[in-house]
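> Dropping in coords-v9.tsv, with TSV, C-alpha atoms.
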chain	number	residue	atom	x	y	z
A	26	MET	CA	-18.36	-23.01	6.48
A	27	ASN	CA	-22.06	-22.20	6.40
A	28	ALA	CA	-22.54	-23.84	9.76
A	29	GLU	CA	-19.91	-21.54	11.24
A	30	SER	CA	-21.48	-18.37	9.87
A	31	ASP	CA	-24.95	-19.54	10.96
A	32	GLU	CA	-23.57	-20.18	14.42
A	33	ARG	CA	-21.96	-16.73	14.53
A	34	SER	CA	-25.18	-15.00	13.54
A	35	GLU	CA	-27.14	-16.93	16.18
A	36	VAL	CA	-24.62	-15.98	18.86
A	37	ALA	CA	-24.64	-12.35	17.67
A	38	GLU	CA	-28.44	-12.23	17.82
A	39	GLN	CA	-28.44	-13.62	21.35
A	40	ALA	CA	-25.63	-11.37	22.56
A	41	ALA	CA	-26.85	-8.20	20.85
A	42	PRO	CA	-28.33	-5.74	23.30
A	43	ALA	CA	-31.93	-4.74	22.77
A	44	SER	CA	-30.98	-1.21	21.77
A	45	ALA	CA	-28.71	-2.45	18.98
A	46	THR	CA	-31.45	-4.54	17.38
A	47	GLY	CA	-34.06	-1.82	17.67
A	48	GLU	CA	-36.18	-3.81	20.11
A	49	SER	CA	-36.48	-2.71	23.70
A	50	ASP	CA	-38.27	-4.12	26.70
A	51	ARG	CA	-39.34	-0.69	27.80
A	52	ALA	CA	-41.13	1.69	25.48
A	53	GLU	CA	-38.99	4.08	23.48
A	54	ARG	CA	-38.56	7.50	24.95
A	55	GLU	CA	-41.73	9.53	24.70
A	56	LEU	CA	-41.96	11.93	21.78
A	57	GLY	CA	-42.37	15.64	22.45
A	58	SER	CA	-40.76	18.54	24.21
A	59	ARG	CA	-38.19	17.90	26.91
A	60	ALA	CA	-38.30	21.46	28.22
A	61	PRO	CA	-38.49	21.90	32.00
A	62	GLY	CA	-41.97	22.00	33.51
A	63	PHE	CA	-41.94	25.69	34.42
A	64	ILE	CA	-41.20	26.54	30.77
A	65	LYS	CA	-44.00	24.30	29.49
A	66	ALA	CA	-46.41	25.95	31.93
A	67	SER	CA	-46.31	29.29	30.10
A	68	LYS	CA	-47.27	29.25	26.41
A	69	ALA	CA	-45.23	32.38	25.58
A	70	LEU	CA	-42.19	31.10	27.46
A	71	HIS	CA	-42.45	27.70	25.79
A	72	LEU	CA	-42.72	29.27	22.34
A	73	SER	CA	-39.67	31.46	22.97
A	74	TRP	CA	-37.83	28.37	24.27
A	75	GLN	CA	-38.68	26.51	21.03
A	76	VAL	CA	-37.51	29.44	18.91
A	77	GLY	CA	-34.24	29.53	20.85
A	78	VAL	CA	-33.70	25.79	20.47
A	79	PHE	CA	-34.49	26.04	16.76
A	80	ILE	CA	-32.00	28.89	16.23
A	81	VAL	CA	-29.21	27.14	18.15
A	82	GLY	CA	-29.88	23.86	16.30
A	83	LEU	CA	-29.99	25.69	12.97
A	84	GLY	CA	-26.64	27.31	13.69
A	85	VAL	CA	-25.08	23.94	14.50
A	86	VAL	CA	-26.58	22.28	11.39
A	87	VAL	CA	-25.40	25.14	9.15
A	88	ALA	CA	-21.91	24.84	10.64
A	89	GLY	CA	-22.00	21.11	9.91
A	90	VAL	CA	-23.06	21.72	6.31
A	91	LEU	CA	-20.17	24.15	5.92
A	92	MET	CA	-17.85	21.53	7.36
A	93	LEU	CA	-18.86	19.14	4.60
A	94	VAL	CA	-16.83	21.28	2.17
A	95	LEU	CA	-14.40	22.78	4.70
A	96	PRO	CA	-12.19	20.83	7.11
A	97	GLY	CA	-14.12	19.44	10.03
A	98	PRO	CA	-16.44	16.64	11.14
A	99	GLY	CA	-19.45	17.78	9.07
A	100	TRP	CA	-21.83	14.84	9.50
A	101	LEU	CA	-21.08	14.57	13.21
A	102	VAL	CA	-21.93	18.24	13.71
A	103	ILE	CA	-25.10	17.93	11.59
A	104	PHE	CA	-26.30	15.04	13.74
A	105	GLY	CA	-25.41	17.09	16.81
A	106	GLY	CA	-27.68	19.87	15.53
A	107	MET	CA	-30.42	17.33	14.89
A	108	ALA	CA	-30.00	16.11	18.47
A	109	ILE	CA	-30.44	19.67	19.71
A	110	TRP	CA	-33.63	19.97	17.66
A	111	ALA	CA	-34.78	16.57	18.95
A	112	THR	CA	-34.93	17.96	22.48
A	113	GLU	CA	-37.91	20.03	21.37
A	114	PHE	CA	-39.37	18.86	18.04
A	115	VAL	CA	-41.06	15.53	17.29
A	116	TRP	CA	-40.02	15.52	13.63
A	117	ALA	CA	-36.34	15.69	14.63
A	118	GLN	CA	-36.85	12.88	17.15
A	119	LEU	CA	-38.35	10.72	14.39
A	120	VAL	CA	-35.47	11.54	12.02
A	121	LEU	CA	-32.92	10.60	14.68
A	122	ARG	CA	-34.72	7.31	15.44
A	123	TRP	CA	-34.75	6.46	11.73
A	124	THR	CA	-31.06	7.37	11.42
A	125	LYS	CA	-30.07	5.28	14.43
A	126	ARG	CA	-32.01	2.31	13.05
A	127	LYS	CA	-30.33	2.61	9.62
A	128	VAL	CA	-26.84	2.97	11.12
A	129	THR	CA	-27.41	-0.10	13.30
A	130	GLU	CA	-28.61	-2.10	10.30
A	131	ALA	CA	-25.58	-1.02	8.24
A	132	ALA	CA	-23.22	-1.97	11.07
A	133	GLN	CA	-24.81	-5.41	11.32
A	134	ARG	CA	-24.55	-5.90	7.54
A	135	ALA	CA	-20.89	-4.84	7.60
A	136	LEU	CA	-20.13	-7.53	10.18
A	137	ASP	CA	-21.57	-10.26	7.94
A	138	PRO	CA	-18.69	-12.61	6.96
A	139	LYS	CA	-19.74	-12.70	3.28
A	140	VAL	CA	-19.76	-8.89	3.06
A	141	ARG	CA	-16.41	-8.61	4.83
A	142	ARG	CA	-14.87	-11.20	2.50
A	143	ARG	CA	-16.21	-9.34	-0.55
A	144	ASN	CA	-14.86	-6.02	0.75
A	145	ILE	CA	-11.42	-7.50	1.40
A	146	ILE	CA	-11.31	-9.01	-2.10
A	147	LEU	CA	-12.39	-5.75	-3.75
A	148	THR	CA	-9.87	-3.72	-1.73
A	149	THR	CA	-7.05	-6.13	-2.60
A	150	LEU	CA	-8.01	-6.04	-6.27
A	151	GLY	CA	-8.05	-2.23	-6.25
A	152	LEU	CA	-4.61	-2.09	-4.60
A	153	VAL	CA	-3.17	-4.53	-7.15
A	154	ILE	CA	-4.55	-2.44	-10.04
A	155	MET	CA	-3.10	0.75	-8.51
A	156	ALA	CA	0.30	-0.94	-8.03
A	157	VAL	CA	0.33	-2.16	-11.64
A	158	LEU	CA	-0.53	1.32	-12.93
A	159	ALA	CA	2.16	2.89	-10.73
A	160	GLY	CA	4.67	0.30	-11.99
A	161	ILE	CA	3.80	1.06	-15.63
A	162	TYR	CA	4.22	4.79	-14.98
A	163	VAL	CA	7.61	4.35	-13.31
A	164	TRP	CA	8.76	1.94	-16.07
A	165	LYS	CA	7.77	4.38	-18.82
A	166	PHE	CA	8.73	7.73	-17.25
A	167	GLY	CA	10.96	6.92	-14.30
A	168	LEU	CA	10.41	8.95	-11.16
A	169	THR	CA	9.84	12.18	-13.12
A	170	MET	CA	6.85	14.22	-12.01
A	171	PRO	CA	4.04	14.48	-14.61
A	172	TRP	CA	4.53	18.23	-15.19
A	173	LYS	CA	8.20	17.67	-16.13
A	174	ILE	CA	7.60	15.04	-18.82
A	175	SER	CA	9.01	16.25	-22.15
A	176	GLU	CA	7.28	13.69	-24.43
Would you put the structure from the file into structure tokens?

Amino acid sequence: MNAESDERSEVAEQAAPASATGESDRAERELGSRAPGFIKASKALHLSWQVGVFIVGLGVVVAGVLMLVLPGPGWLVIFGGMAIWATEFVWAQLVLRWTKRKVTEAAQRALDPKVRRRNIILTTLGLVIMAVLAGIYVWKFGLTMPWKISE
């Protein structure tokens, strides 16, 4: 069994693209502003461009934070706002690189056979416990809703 999982991990390492493992043959994209050249040429224009990008990104991030408590894809929208900021600000580019690296590592850990087996066992155990509790409830009270129980 260990030989099989070792073999799988070796094949996965060989087949994994460079971007998924965090290693790339070419250098990572250069940090810094991605504004067009004519905007970078003028200091005032570039500053106003950065303010505009910041305001748009802030609006998207705030909408994402609101979607964390309201219906909507909150985290996806927050990362979209970070991507908008990353077009102009180095700190946002670094945060996105770190996030991509962590998500890739988590995805690789989730594909580990031992972790998958543990997750399946825990999920099955949780479902069995829920079924037993539901069975006890139905046995004791029948299919009466909790707010109509007279005892």
> Pick out the closest residue to Lys65 in chain A from this set: A:Glu113, A:Ile161, A:Arg142, A:Val153. Count all atoms listed in the file.
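Of A:Glu113, A:Ile161, A:Arg142, A:Val153, the one nearest Lys65 in chain A is A:Glu113, counting all atoms listed in the file.
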> Have a look at CA of Val102 in chain A and CA of Val90 in chain A and let me know their distance in Å, one decimal.
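Atom-to-atom, CA of Val102 in chain A to CA of Val90 in chain A, that is 8.3 Å.
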> So how far away is CA of Ala111 in chain A from CA of Glu55 in chain A, in Å?
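So the answer is 11.4 Å.
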> Mind giving me the straight-line distance from CA of Gln118 in chain A to CA of Ile80 in chain A in Å, one decimal?
16.8 Å
> Given only C-alpha atoms as the basis, pick out the residue of A:Thr149, A:Ser58, A:Thr112, A:Ser67 nearest to Gly82 in chain A.
A:Thr112
> Restricting the calculation to all atoms listed in the file: of A:Ile103, A:Gly97, A:Trp123, A:Ala60, which residue gets closest to Gly77 in chain A?
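For Gly77 in chain A, the nearest of the candidates is A:Ala60.
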> Determine the nearest neighbour of Trp110 in chain A from the options A:Val86, A:Leu152, A:Leu158, A:Val163, counting all atoms listed in the file.
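Among A:Val86, A:Leu152, A:Leu158, A:Val163, it is A:Val86 that comes nearest to Trp110 in chain A.
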> Could N, CA, C and O atoms be built for range 118-140 of chain A and written out as a compact mmCIF listing (two decimals), keeping the file's coordinate frame?

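Below you can see rebuild-v3.txt, which holds the result:
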# COMPACT_ATOMS: atom_id res chain seq x y z
N GLN A 118 -36.96 14.13 16.40
CA GLN A 118 -36.85 12.88 17.15
C GLN A 118 -37.08 11.69 16.23
O GLN A 118 -36.36 10.68 16.30
N LEU A 119 -38.06 11.80 15.34
CA LEU A 119 -38.35 10.72 14.39
C LEU A 119 -37.20 10.53 13.40
O LEU A 119 -36.84 9.40 13.07
N VAL A 120 -36.62 11.63 12.94
CA VAL A 120 -35.47 11.54 12.02
C VAL A 120 -34.30 10.87 12.71
O VAL A 120 -33.63 10.00 12.13
N LEU A 121 -34.04 11.21 13.96
CA LEU A 121 -32.92 10.60 14.68
C LEU A 121 -33.17 9.12 14.93
O LEU A 121 -32.25 8.30 14.84
N ARG A 122 -34.41 8.74 15.25
CA ARG A 122 -34.72 7.31 15.44
C ARG A 122 -34.48 6.54 14.15
O ARG A 122 -33.90 5.47 14.15
N TRP A 123 -34.93 7.11 13.02
CA TRP A 123 -34.75 6.46 11.73
C TRP A 123 -33.26 6.32 11.42
O TRP A 123 -32.79 5.28 10.98
N THR A 124 -32.49 7.39 11.68
CA THR A 124 -31.06 7.37 11.42
C THR A 124 -30.35 6.33 12.27
O THR A 124 -29.51 5.57 11.78
N LYS A 125 -30.68 6.27 13.55
CA LYS A 125 -30.07 5.28 14.43
C LYS A 125 -30.37 3.87 13.95
O LYS A 125 -29.50 3.00 13.97
N ARG A 126 -31.62 3.64 13.53
CA ARG A 126 -32.01 2.31 13.05
C ARG A 126 -31.21 1.94 11.80
O ARG A 126 -30.70 0.83 11.67
N LYS A 127 -31.06 2.88 10.86
CA LYS A 127 -30.33 2.61 9.62
C LYS A 127 -28.84 2.38 9.89
O LYS A 127 -28.22 1.52 9.27
N VAL A 128 -28.25 3.15 10.79
CA VAL A 128 -26.84 2.97 11.12
C VAL A 128 -26.62 1.61 11.77
O VAL A 128 -25.64 0.91 11.47
N THR A 129 -27.52 1.21 12.65
CA THR A 129 -27.41 -0.10 13.30
C THR A 129 -27.52 -1.22 12.28
O THR A 129 -26.75 -2.18 12.31
N GLU A 130 -28.47 -1.09 11.35
CA GLU A 130 -28.61 -2.10 10.30
C GLU A 130 -27.37 -2.18 9.43
O GLU A 130 -26.91 -3.27 9.08
N ALA A 131 -26.79 -1.04 9.07
CA ALA A 131 -25.58 -1.02 8.24
C ALA A 131 -24.40 -1.65 8.98
O ALA A 131 -23.61 -2.38 8.38
N ALA A 132 -24.30 -1.38 10.28
CA ALA A 132 -23.22 -1.97 11.07
C ALA A 132 -23.37 -3.49 11.14
O ALA A 132 -22.38 -4.23 11.03
N GLN A 133 -24.59 -3.97 11.29
CA GLN A 133 -24.81 -5.41 11.32
C GLN A 133 -24.50 -6.05 9.97
O GLN A 133 -23.92 -7.14 9.91
N ARG A 134 -24.87 -5.37 8.87
CA ARG A 134 -24.55 -5.90 7.54
C ARG A 134 -23.05 -5.92 7.31
O ARG A 134 -22.52 -6.85 6.69
N ALA A 135 -22.34 -4.92 7.81
CA ALA A 135 -20.89 -4.84 7.60
C ALA A 135 -20.17 -5.95 8.35
O ALA A 135 -19.07 -6.35 7.95
N LEU A 136 -20.76 -6.46 9.42
CA LEU A 136 -20.13 -7.53 10.18
C LEU A 136 -20.42 -8.91 9.59
O LEU A 136 -19.86 -9.90 10.05
N ASP A 137 -21.26 -9.00 8.58
CA ASP A 137 -21.57 -10.26 7.94
C ASP A 137 -20.31 -10.80 7.28
O ASP A 137 -19.64 -10.07 6.53
N PRO A 138 -19.94 -12.07 7.52
CA PRO A 138 -18.69 -12.61 6.96
C PRO A 138 -18.63 -12.55 5.43
O PRO A 138 -17.57 -12.29 4.86
N LYS A 139 -19.74 -12.76 4.74
CA LYS A 139 -19.74 -12.70 3.28
C LYS A 139 -19.42 -11.28 2.79
O LYS A 139 -18.65 -11.09 1.85
N VAL A 140 -19.99 -10.29 3.44
CA VAL A 140 -19.76 -8.89 3.06
C VAL A 140 -18.31 -8.51 3.35
O VAL A 140 -17.65 -7.86 2.53
